[in-house]
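Everything below belongs to work.txt, which stores compact mmCIF, C-alpha atoms.
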# COMPACT_ATOMS: atom_id res chain seq x y z
CA MET A 1 0.00 0.00 0.00
CA ASN A 2 1.00 3.61 -0.58
CA LEU A 3 1.32 6.17 2.20
CA VAL A 4 1.18 9.84 1.22
CA ILE A 5 1.94 12.58 3.74
CA ASP A 6 1.45 16.30 3.28
CA ILE A 7 2.77 18.73 5.89
CA GLY A 8 0.89 21.98 5.43
CA ASN A 9 1.04 25.35 7.12
CA THR A 10 -1.45 24.40 9.84
CA LYS A 11 -2.10 20.64 9.69
CA VAL A 12 -0.60 17.36 8.52
CA LYS A 13 -2.70 15.29 6.14
CA ALA A 14 -1.98 11.67 5.34
CA ALA A 15 -3.70 8.87 3.47
CA VAL A 16 -3.22 5.19 2.81
CA PHE A 17 -3.92 4.23 -0.81
CA GLU A 18 -4.60 0.87 -2.37
CA LEU A 19 -3.87 1.58 -6.03
CA ASP A 20 -5.88 4.78 -6.70
CA THR A 21 -8.35 4.40 -3.83
CA ILE A 22 -8.01 6.03 -0.43
CA LYS A 23 -8.51 3.38 2.24
CA VAL A 24 -8.17 5.75 5.18
CA ALA A 25 -7.26 9.43 5.62
CA TYR A 26 -5.89 11.33 8.60
CA VAL A 27 -5.64 14.98 9.65
CA PHE A 28 -3.57 15.88 12.71
CA ASP A 29 -1.30 18.48 14.30
CA GLU A 30 2.38 18.12 13.48
CA ILE A 31 3.32 17.51 17.12
CA TYR A 32 1.63 14.11 16.77
CA PHE A 33 3.59 13.17 13.63
CA PHE A 34 5.53 10.21 15.08
CA ASN A 35 2.61 8.85 17.08
CA GLN A 36 0.33 8.92 14.04
CA LEU A 37 3.02 7.42 11.82
CA GLU A 38 3.57 4.52 14.22
CA ASP A 39 -0.16 3.87 14.31
CA ILE A 40 -0.40 3.87 10.52
CA LEU A 41 2.56 1.54 10.08
CA GLU A 42 1.16 -0.89 12.64
CA LYS A 43 -2.26 -1.05 10.97
CA HIS A 44 -1.23 -1.11 7.30
CA GLU A 45 1.42 -2.86 5.24
CA ILE A 46 3.07 0.21 3.71
CA THR A 47 5.49 -0.49 0.88
CA HIS A 48 5.71 2.94 -0.79
CA CYS A 49 5.68 6.44 0.69
CA ILE A 50 5.93 10.06 -0.44
CA LEU A 51 6.39 13.08 1.83
CA SER A 52 5.64 16.66 0.83
CA SER A 53 6.03 19.71 3.02
CA VAL A 54 5.53 23.42 2.53
CA LYS A 55 8.13 23.86 5.29
CA GLU A 56 11.73 22.73 5.44
CA THR A 57 11.52 18.97 5.92
CA ARG A 58 12.79 17.72 9.25
CA GLU A 59 15.63 15.21 9.04
CA ASP A 60 14.18 12.98 11.76
CA TYR A 61 11.00 12.58 9.67
CA ILE A 62 13.07 11.52 6.68
CA GLN A 63 15.14 9.03 8.69
CA LYS A 64 12.00 7.44 10.11
CA LEU A 65 10.29 7.18 6.71
CA LYS A 66 13.39 5.77 5.03
CA LYS A 67 12.58 2.47 6.74
CA ILE A 68 9.73 2.04 4.24
CA PRO A 69 11.04 0.08 1.19
CA PHE A 70 10.30 2.82 -1.38
CA PHE A 71 10.35 6.40 -0.10
CA ILE A 72 10.70 9.77 -1.82
CA VAL A 73 10.54 13.40 -0.72
CA LEU A 74 8.72 15.60 -3.20
CA ASP A 75 10.75 18.56 -4.44
CA SER A 76 11.22 20.56 -7.64
CA SER A 77 13.46 17.86 -9.13
CA THR A 78 10.99 14.99 -8.64
CA LYS A 79 9.67 13.42 -11.83
CA VAL A 80 6.05 14.48 -12.40
CA PRO A 81 3.32 13.35 -14.85
CA PHE A 82 2.85 16.77 -16.44
CA LYS A 83 4.91 19.34 -18.34
CA ASN A 84 5.87 22.20 -16.04
CA LEU A 85 5.90 25.52 -17.93
CA TYR A 86 6.23 27.68 -14.83
CA SER A 87 8.97 30.23 -15.50
CA SER A 88 10.66 29.53 -12.14
CA PRO A 89 9.96 25.84 -11.48
CA THR A 90 12.31 25.64 -8.49
CA THR A 91 10.15 28.18 -6.64
CA LEU A 92 6.83 26.47 -7.38
CA GLY A 93 5.17 25.36 -4.15
CA ILE A 94 5.25 21.65 -3.43
CA ASP A 95 1.52 21.67 -2.77
CA ARG A 96 0.86 23.22 -6.18
CA ILE A 97 2.96 20.53 -7.87
CA ALA A 98 0.80 17.86 -6.24
CA LEU A 99 -2.42 19.62 -7.29
CA ALA A 100 -1.27 19.75 -10.91
CA ALA A 101 -0.48 16.03 -10.79
CA ALA A 102 -3.98 15.33 -9.49
CA ALA A 103 -5.49 17.37 -12.33
CA VAL A 104 -3.78 15.40 -15.10
CA SER A 105 -4.60 12.15 -13.32
CA LEU A 106 -8.28 12.72 -12.55
CA TYR A 107 -9.16 15.02 -15.48
CA PRO A 108 -6.93 13.97 -18.39
CA GLN A 109 -7.09 16.07 -21.55
CA LYS A 110 -9.16 18.73 -19.77
CA ASN A 111 -8.55 22.41 -19.11
CA THR A 112 -8.55 22.34 -15.30
CA LEU A 113 -8.51 25.17 -12.79
CA ILE A 114 -7.70 24.04 -9.24
CA ILE A 115 -8.68 26.39 -6.42
CA ASP A 116 -7.05 25.45 -3.12
CA ALA A 117 -8.73 27.36 -0.30
CA GLY A 118 -6.48 26.96 2.69
CA THR A 119 -4.08 29.24 4.54
CA CYS A 120 -3.65 30.92 1.17
CA ILE A 121 -6.02 30.67 -1.77
CA THR A 122 -4.09 29.37 -4.75
CA TYR A 123 -5.26 29.12 -8.34
CA ASP A 124 -3.46 26.61 -10.57
CA PHE A 125 -4.17 25.84 -14.20
CA VAL A 126 -3.38 22.73 -16.24
CA ASN A 127 -4.41 22.75 -19.91
CA LEU A 128 -5.79 19.89 -21.98
CA LYS A 129 -2.26 19.10 -23.20
CA GLY A 130 -1.19 18.25 -19.65
CA GLU A 131 0.85 21.44 -19.35
CA TYR A 132 1.01 23.35 -16.08
CA LEU A 133 0.94 27.08 -16.88
CA GLY A 134 0.85 28.68 -13.42
CA GLY A 135 -1.83 30.58 -11.56
CA ALA A 136 -2.19 32.99 -8.66
CA ILE A 137 -1.82 33.24 -4.89
CA SER A 138 -3.95 35.37 -2.58
CA PRO A 139 -4.59 35.54 1.20
CA GLY A 140 -6.88 32.87 2.65
CA ILE A 141 -9.95 33.55 4.76
CA ASP A 142 -8.24 33.31 8.16
CA ILE A 143 -5.36 35.53 7.03
CA ARG A 144 -7.86 38.22 6.00
CA TYR A 145 -9.56 38.17 9.38
CA GLN A 146 -6.21 38.26 11.18
CA SER A 147 -4.91 41.11 9.02
CA LEU A 148 -7.88 43.34 9.77
CA HIS A 149 -7.27 42.87 13.48
CA HIS A 150 -3.47 43.06 13.35
CA TYR A 151 -3.11 46.14 11.14
CA THR A 152 -5.80 48.25 12.83
CA SER A 153 -6.15 49.51 16.37
CA LYS A 154 -9.81 48.76 17.01
CA LEU A 155 -11.14 46.05 14.71
CA PRO A 156 -11.78 42.77 16.57
CA LYS A 157 -10.32 39.41 15.64
CA LEU A 158 -13.23 37.28 14.46
CA ILE A 159 -13.70 33.63 13.59
CA LYS A 160 -14.97 32.97 10.07
CA SER A 161 -18.71 32.91 9.65
CA GLU A 162 -21.08 33.10 6.73
CA ALA A 163 -21.96 36.65 5.75
CA HIS A 164 -25.74 36.70 6.08
CA ASN A 165 -26.07 40.34 5.03
CA LEU A 166 -24.36 42.25 2.25
CA ILE A 167 -24.77 45.44 4.26
CA GLY A 168 -23.25 44.91 7.68
CA THR A 169 -25.18 46.78 10.35
CA SER A 170 -22.47 46.29 12.99
CA THR A 171 -18.67 46.16 12.92
CA SER A 172 -18.70 42.37 13.18
CA GLU A 173 -21.26 42.00 10.38
CA ALA A 174 -19.29 44.46 8.23
CA ILE A 175 -16.08 42.42 8.67
CA HIS A 176 -17.83 39.14 7.85
CA SER A 177 -19.41 40.74 4.78
CA GLY A 178 -16.12 42.19 3.60
CA VAL A 179 -14.04 39.06 4.11
CA ILE A 180 -16.47 36.35 3.02
CA ASN A 181 -18.17 38.21 0.18
CA GLY A 182 -14.75 39.43 -0.93
CA VAL A 183 -13.43 35.86 -1.14
CA ILE A 184 -16.54 34.58 -2.93
CA HIS A 185 -16.52 37.38 -5.49
CA GLU A 186 -12.78 36.94 -5.99
CA ILE A 187 -13.15 33.24 -6.73
CA GLU A 188 -16.16 33.71 -9.00
CA GLY A 189 -14.39 36.56 -10.81
CA VAL A 190 -11.26 34.47 -11.41
CA ILE A 191 -13.40 31.62 -12.73
CA ARG A 192 -15.17 33.97 -15.17
CA GLN A 193 -11.82 35.22 -16.48
CA TYR A 194 -10.58 31.68 -17.09
CA GLU A 195 -13.83 30.71 -18.79
CA LEU A 196 -13.36 33.53 -21.29
CA ASP A 197 -10.01 32.10 -22.38
CA PHE A 198 -10.56 28.36 -21.96
CA HIS A 199 -13.67 26.53 -23.10
CA ASP A 200 -15.00 23.43 -21.32
CA LEU A 201 -13.22 24.44 -18.13
CA THR A 202 -13.19 21.92 -15.29
CA ILE A 203 -13.07 23.61 -11.87
CA VAL A 204 -11.94 21.85 -8.69
CA LEU A 205 -12.25 23.32 -5.20
CA THR A 206 -10.05 21.83 -2.52
CA GLY A 207 -8.35 22.76 0.74
CA GLY A 208 -9.44 23.26 4.33
CA ASP A 209 -12.21 25.75 3.52
CA THR A 210 -13.80 23.60 0.82
CA LYS A 211 -16.98 22.75 2.73
CA PHE A 212 -17.37 26.30 4.00
CA LEU A 213 -17.13 27.86 0.52
CA PHE A 214 -18.68 25.20 -1.69
CA LYS A 215 -22.31 25.88 -0.78
CA GLN A 216 -21.80 29.63 -1.21
CA LEU A 217 -20.31 29.51 -4.72
CA LYS A 218 -22.64 29.65 -7.71
CA ASN A 219 -20.37 28.04 -10.30
CA SER A 220 -20.35 24.40 -11.36
CA ILE A 221 -17.47 23.09 -9.28
CA PHE A 222 -16.14 19.70 -8.21
CA ALA A 223 -15.34 19.69 -4.48
CA ASN A 224 -12.56 17.33 -3.40
CA GLN A 225 -10.80 17.90 -0.10
CA ASN A 226 -8.38 15.07 -0.86
CA PHE A 227 -7.29 16.39 -4.26
CA LEU A 228 -3.73 17.10 -3.12
CA LEU A 229 -3.41 13.63 -1.58
CA ASN A 230 -4.56 12.13 -4.88
CA GLY A 231 -1.85 14.11 -6.62
CA LEU A 232 0.83 12.86 -4.26
CA ASN A 233 -0.27 9.29 -4.84
CA LYS A 234 -0.09 9.85 -8.60
CA ILE A 235 3.46 11.22 -8.30
CA LEU A 236 4.50 8.31 -6.09
CA THR A 237 3.13 5.77 -8.56
CA PHE A 238 4.69 7.68 -11.48
CA ASN A 239 8.13 7.47 -9.85
CA ASN A 240 7.80 3.76 -9.17
CA GLN A 241 7.09 2.71 -12.76
Translate the structure described by the file into structure tokens.
Amino acid sequence: MNLVIDIGNTKVKAAVFELDTIKVAYVFDEIYFFNQLEDILEKHEITHCILSSVKETREDYIQKLKKIPFFIVLDSSTKVPFKNLYSSPTTLGIDRIALAAAAVSLYPQKNTLIIDAGTCITYDFVNLKGEYLGGAISPGIDIRYQSLHHYTSKLPKLIKSEAHNLIGTSTSEAIHSGVINGVIHEIEGVIRQYELDFHDLTIVLTGGDTKFLFKQLKNSIFANQNFLLNGLNKILTFNNQ
């Protein structure tokens, strides 16, 4: 079985795959990395593993995972199942590489826009030729709330909530309206721009805020919180051929 591990900015996600199917998925804080890994290795016969991290990868993680027969760390030099046309491929985020791999795997020969709504909101585009062209990066929902509080003297720090009114009648309502409606209109605006240039566009929403945003967006979108994990599994399989 394959084990894929993604260390993000706020959480660690992991999944055990049997071929292309997720058998079990995990989400946990990084402080529990070794405990969770031991539990996974005890319960499943892991023969292949890939680790990706948006942070500098800890050496003790690598040494522990090297005990698995086939193990790779995803970086800019890893062989991938798409053509990378990013002008600075060595600076492309590891998470975005995995998302592009998922796109060519799950939506072959499709123009695909992947929207990853997490700590940041990233937009990544893979064309029907299997070429990764690039995309965009903007602040995520929590960053927007935190910024309003941090860079002002009086605005409160709020927890994300649906904006029930366009016109906020209190400071809290006004912040929710500005942040949430701003994110929704941003995403819908970006989608409209892509649709003007690329016909038959497939749109995938993923990331930690998938469930929160999905029901508020009006576009035809595929929601898949495990899209990045699927991409890592594809890269792992691709490197073991």
Draw an axis-aligned box tight on the listed atoms of segment 164-167 of chain A, then pad every side by 5 Å and write out centre and edge lengths in Å to one decimal as JSON.
{"center_x": -25.2, "center_y": 41.1, "center_z": 4.2, "size_x": 11.7, "size_y": 18.7, "size_z": 13.8}
Determine the nearest neighbour of Ile94 of chain A from the options A:Ile141, A:Ile203, A:Leu113, A:Leu51, counting all atoms listed in the file.
A:Leu51
Considering all atoms listed in the file, return as a PDB file with C-alpha atoms, in the frame of the given file whatever protein or nucleic-acid residues lie within 12 Å of segment 148-151 of chain A, sequence-local ones (same chain, fewer than 5 positions apart) excluded.
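The new file selection_26.pdb reads:
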ATOM      1  CA  ILE A 141      -9.950  33.550   4.760  1.00  0.00           C
ATOM      2  CA  ASP A 142      -8.240  33.310   8.160  1.00  0.00           C
ATOM      3  CA  ILE A 143      -5.360  35.530   7.030  1.00  0.00           C
ATOM      4  CA  PRO A 156     -11.780  42.770  16.570  1.00  0.00           C
ATOM      5  CA  LYS A 157     -10.320  39.410  15.640  1.00  0.00           C
ATOM      6  CA  LEU A 158     -13.230  37.280  14.460  1.00  0.00           C
ATOM      7  CA  ILE A 159     -13.700  33.630  13.590  1.00  0.00           C
ATOM      8  CA  THR A 171     -18.670  46.160  12.920  1.00  0.00           C
ATOM      9  CA  SER A 172     -18.700  42.370  13.180  1.00  0.00           C
ATOM     10  CA  ALA A 174     -19.290  44.460   8.230  1.00  0.00           C
ATOM     11  CA  ILE A 175     -16.080  42.420   8.670  1.00  0.00           C
ATOM     12  CA  HIS A 176     -17.830  39.140   7.850  1.00  0.00           C
ATOM     13  CA  GLY A 178     -16.120  42.190   3.600  1.00  0.00           C
ATOM     14  CA  VAL A 179     -14.040  39.060   4.110  1.00  0.00           C
TER      15      VAL A 179
END
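Take atom CA of Gln63 of chain A and atom CA of Arg96 of chain A: the distance between them is 25.0 Å.
Closest to Thr202 of chain A among A:Met1, A:Ile115, A:Ala15, A:Ile221 is A:Ile221, based on all atoms listed in the file.
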Do a neighbour search on Val183 of chain A at 10 Å with all atoms listed in the file, toss out local chain neighbours closer than 5 positions, and write the hits as a ChimeraX atom specification.
/A:117,121,138-141,144,177-178,188-189,213
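With only C-alpha atoms as the atoms that count, the minimum distance from Asp95 of chain A to the choices A:Tyr145, A:Phe227, A:Phe125, A:Tyr32 is reached by A:Phe227.
Going from atom CA of Pro81 of chain A over to atom CA of Ser105 of chain A, you cover 8.2 Å.
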For a test of reading the model, state the distance in Å between atom CA of Ile167 of chain A and atom CA of Gln216 of chain A, rounded to one decimal.
17.0 Å
Go ahead and find all residues with at least one atom no further than 8 Å from (-0.7, 21.7, -18.8) in the file's coordinates, using all atoms listed in the file; report them as a ChimeraX atom specification.
/A:82-85,104,111,125-133
Output file for the selection above: C-alpha atoms, as a short mmCIF file (atom, residue, chain, number, x, y, z; two decimals), keeping the file's coordinate frame:
data_model
loop_
_atom_site.label_atom_id
_atom_site.label_comp_id
_atom_site.auth_asym_id
_atom_site.auth_seq_id
_atom_site.Cartn_x
_atom_site.Cartn_y
_atom_site.Cartn_z
CA PHE A 82 2.85 16.77 -16.44
CA LYS A 83 4.91 19.34 -18.34
CA ASN A 84 5.87 22.20 -16.04
CA LEU A 85 5.90 25.52 -17.93
CA VAL A 104 -3.78 15.40 -15.10
CA ASN A 111 -8.55 22.41 -19.11
CA PHE A 125 -4.17 25.84 -14.20
CA VAL A 126 -3.38 22.73 -16.24
CA ASN A 127 -4.41 22.75 -19.91
CA LEU A 128 -5.79 19.89 -21.98
CA LYS A 129 -2.26 19.10 -23.20
CA GLY A 130 -1.19 18.25 -19.65
CA GLU A 131 0.85 21.44 -19.35
CA TYR A 132 1.01 23.35 -16.08
CA LEU A 133 0.94 27.08 -16.88
#
Near Gly208 of chain A, counting only C-alpha atoms, which residues have an atom at most 10 Å away, once you skip same-chain residues fewer than 2 positions from it, shown as a VMD selection string?
chain A and resid 10 to 11 116 to 119 205 to 206 210 to 213 225 to 226
Go ahead and save the residues from that selection, with C-alpha atoms, as a PDB file, in the frame of the given file.
ATOM      1  CA  THR A  10      -1.450  24.400   9.840  1.00  0.00           C
ATOM      2  CA  LYS A  11      -2.100  20.640   9.690  1.00  0.00           C
ATOM      3  CA  ASP A 116      -7.050  25.450  -3.120  1.00  0.00           C
ATOM      4  CA  ALA A 117      -8.730  27.360  -0.300  1.00  0.00           C
ATOM      5  CA  GLY A 118      -6.480  26.960   2.690  1.00  0.00           C
ATOM      6  CA  THR A 119      -4.080  29.240   4.540  1.00  0.00           C
ATOM      7  CA  LEU A 205     -12.250  23.320  -5.200  1.00  0.00           C
ATOM      8  CA  THR A 206     -10.050  21.830  -2.520  1.00  0.00           C
ATOM      9  CA  THR A 210     -13.800  23.600   0.820  1.00  0.00           C
ATOM     10  CA  LYS A 211     -16.980  22.750   2.730  1.00  0.00           C
ATOM     11  CA  PHE A 212     -17.370  26.300   4.000  1.00  0.00           C
ATOM     12  CA  LEU A 213     -17.130  27.860   0.520  1.00  0.00           C
ATOM     13  CA  GLN A 225     -10.800  17.900  -0.100  1.00  0.00           C
ATOM     14  CA  ASN A 226      -8.380  15.070  -0.860  1.00  0.00           C
TER      15      ASN A 226
END
